[in-house]
Amino acid sequence: MNEEMSHLVERLNIAEKDDQKAVFEEAIEELESTELALLLESLPLQDRLQRWEQVPQEDRVDVLVAMRSEPRATIIESLEETELQDLLSGLHAEDLIELAESLPEYVVDNALSGMDADQRKHYQLSSQYDEDQIGRYVDHELIILPRSARVRDALRRIQNELPDYTDCIYLIQRNGSYVGTVPLHKIYLAPPQATLISLSIKDPVTLSAESYLSDATEKMEHSGLSALPVIDSNNLLLGRLTLRLALEITREEYESQLMATAGLNEDEDLFAPVFRSSKRRATWLGINLLTAFLASWTIGLYESTLQEVVALAVLMPIVASMGGIAGSQTLTLIIRGIALGQIAKGNMMPLLIKEVRVGAVNGVLWALVIGIIASLWFSSFGIGLVIATAIVINIIAAAFSGVIIPIVLDKFEIDPALSGSVILTTVTDVVGFVAFLALGSAFLMN
């Protein structure tokens, strides 16, 4: 699919205006709303707005919901007020929740006023939850029956409607509180007069509306079902988490972590205005500049050594690079462990010891290789010994830092994927340079 999308983007971008229109018409026929949204995001701003005019009216809300917030905002800002109001008339609560952050408050109020009472209630309940809680994104298209219902009632209801990702129906008390989950296959096999409650799953899997998105999707993954009921703190059934939504959340979290490693947001628009993109990235570059100055200052402390032994300047990048790579391997492993909930107080120390041992083994192995090469290159056993020792020290320090840094950042509720690599790079540069140059000063200076 990625290859097909890439080919389509290329066709659109090289096509002349009239040809581009025809290519996009073909795409409308072939692509789902999520794919169409991705295609629009791949176009420069002016082309994006022109192609948006071709999107059928009945598909526009779905496409907007599927888009990232920044490119979505470029389209919303281009619409006349009357166009926007028409677009949002009859909106479902789930769609308005997704679009609300991109809309002026008065537009959200107008959209709410155009909803029926049930949809307004769904929106008000969902909007009580934070953006990282599953209660905000529940799907309200599910089959609900009273606790007293029988199989014949369920069969009648199923004949009238069967929403996507429905392999169970849900039972509630008169006050709306959840009481059970009944698999469809049991309903089809049971006699019509049987009560649904007698067919319900023992110890059903449910999700608290306050669950974090990652926890909810993990629970979904291990449930064996295509949807799970979401209940609030009073046991009221709010809706469900479907397999499709769980996959979307997982993909977005992956993108978020990937972008965070560069200090960016997953909603970043490929074709955002230059000034806006520059401003965001300037902060990240500024942080890196400070760390670079710290490393440079460390080197400056040994200026006289470098003037005397030029070989040290030639070999310095090797020390920093080896430490950086070793540290990033450990850092990535620990960040993944934190994200999956695999790291706790009980296993931190064994994990730290294990990683330091791995660092020591790799440090000694590659120190020998690099030391021999450096000795032959510069015809100096002393230089080989200095760089070998510095490599061992830096890789062990990198392994230690790769464990400690993300754990400490996570404890202070700072995303380790966002800032962990910057701190780690600083540590490995400073430790590597100090170890290398200090050893060089001690053993190679006359």
# chains A, B, ... in the order shown; residues from 1 in each chain; ligands from 1
call {"tool": "closest_atom_pairs", "arguments": {"of": "segment 118-226 of chain A", "to": "segment 249-253 of chain A", "cutoff": "12 Å", "atoms": "only C-alpha atoms", "output": "CSV"}}
result
residue,atom,partner,partner_atom,distance
A:Glu131,CA,A:Ile249,CA,11.4
A:Asp132,CA,A:Ile249,CA,10.0
A:Gln133,CA,A:Ile249,CA,11.1
A:Ile134,CA,A:Ile249,CA,9.7
A:Tyr137,CA,A:Ile249,CA,9.9
A:Val138,CA,A:Ile249,CA,11.9
A:Tyr212,CA,A:Ile249,CA,10.9
A:Leu213,CA,A:Ile249,CA,7.2
A:Ser214,CA,A:Thr250,CA,7.3
A:Asp215,CA,A:Thr250,CA,10.5
A:Ala216,CA,A:Ile249,CA,9.7
A:Thr217,CA,A:Thr250,CA,7.1
A:Glu218,CA,A:Thr250,CA,9.1
A:Met220,CA,A:Thr250,CA,11.1
A:Glu221,CA,A:Thr250,CA,10.5
call {"tool": "select_by_dssp", "arguments": {"residues": "segment 27-189 of chain A", "states": "strand (DSSP E)", "output": "PyMOL selection string"}}
result
chain A and resi 144-146+168-172+178-183
call {"tool": "write_last_selection", "arguments": {"atoms": "N, CA and C atoms", "output": "short mmCIF file (atom, residue, chain, number, x, y, z; two decimals), in the first residue's frame"}}
result
data_model
loop_
_atom_site.label_atom_id
_atom_site.label_comp_id
_atom_site.auth_asym_id
_atom_site.auth_seq_id
_atom_site.Cartn_x
_atom_site.Cartn_y
_atom_site.Cartn_z
N ILE A 144 -27.13 -2.69 22.06
CA ILE A 144 -27.37 -2.74 23.50
C ILE A 144 -28.80 -3.23 23.75
N LEU A 145 -28.95 -4.17 24.65
CA LEU A 145 -30.27 -4.67 25.01
C LEU A 145 -30.39 -4.71 26.54
N PRO A 146 -31.64 -4.68 27.03
CA PRO A 146 -31.83 -4.74 28.49
C PRO A 146 -31.46 -6.13 29.04
N CYS A 168 -20.23 -9.22 19.47
CA CYS A 168 -20.93 -9.34 20.75
C CYS A 168 -22.00 -8.26 20.85
N ILE A 169 -22.99 -8.50 21.70
CA ILE A 169 -23.92 -7.44 22.08
C ILE A 169 -23.78 -7.24 23.59
N TYR A 170 -24.27 -6.12 24.08
CA TYR A 170 -24.04 -5.73 25.47
C TYR A 170 -25.36 -5.57 26.21
N LEU A 171 -25.37 -6.01 27.45
CA LEU A 171 -26.57 -5.95 28.27
C LEU A 171 -26.41 -4.88 29.34
N ILE A 172 -27.51 -4.14 29.59
CA ILE A 172 -27.47 -3.08 30.61
C ILE A 172 -28.70 -3.16 31.51
N TYR A 178 -23.66 -1.31 32.94
CA TYR A 178 -23.27 -2.51 32.19
C TYR A 178 -23.42 -3.76 33.06
N VAL A 179 -23.97 -4.84 32.46
CA VAL A 179 -24.11 -6.08 33.21
C VAL A 179 -23.53 -7.30 32.49
N GLY A 180 -23.29 -7.21 31.18
CA GLY A 180 -22.75 -8.40 30.53
C GLY A 180 -22.49 -8.24 29.04
N THR A 181 -21.68 -9.17 28.52
CA THR A 181 -21.34 -9.25 27.09
C THR A 181 -21.76 -10.62 26.58
N VAL A 182 -22.48 -10.63 25.46
CA VAL A 182 -22.99 -11.88 24.90
C VAL A 182 -22.43 -12.07 23.49
N PRO A 183 -21.66 -13.13 23.24
CA PRO A 183 -21.12 -13.38 21.89
C PRO A 183 -22.24 -13.73 20.91
#
call {"tool": "select_by_dssp", "arguments": {"residues": "segment 39-159 of chain A", "states": "helix (DSSP H, G or I)", "output": "PyMOL selection string"}}
result
chain A and resi 39-41+45-52+57-66+69-78+81-88+93-102+105-113+117-126+134-137+151-159
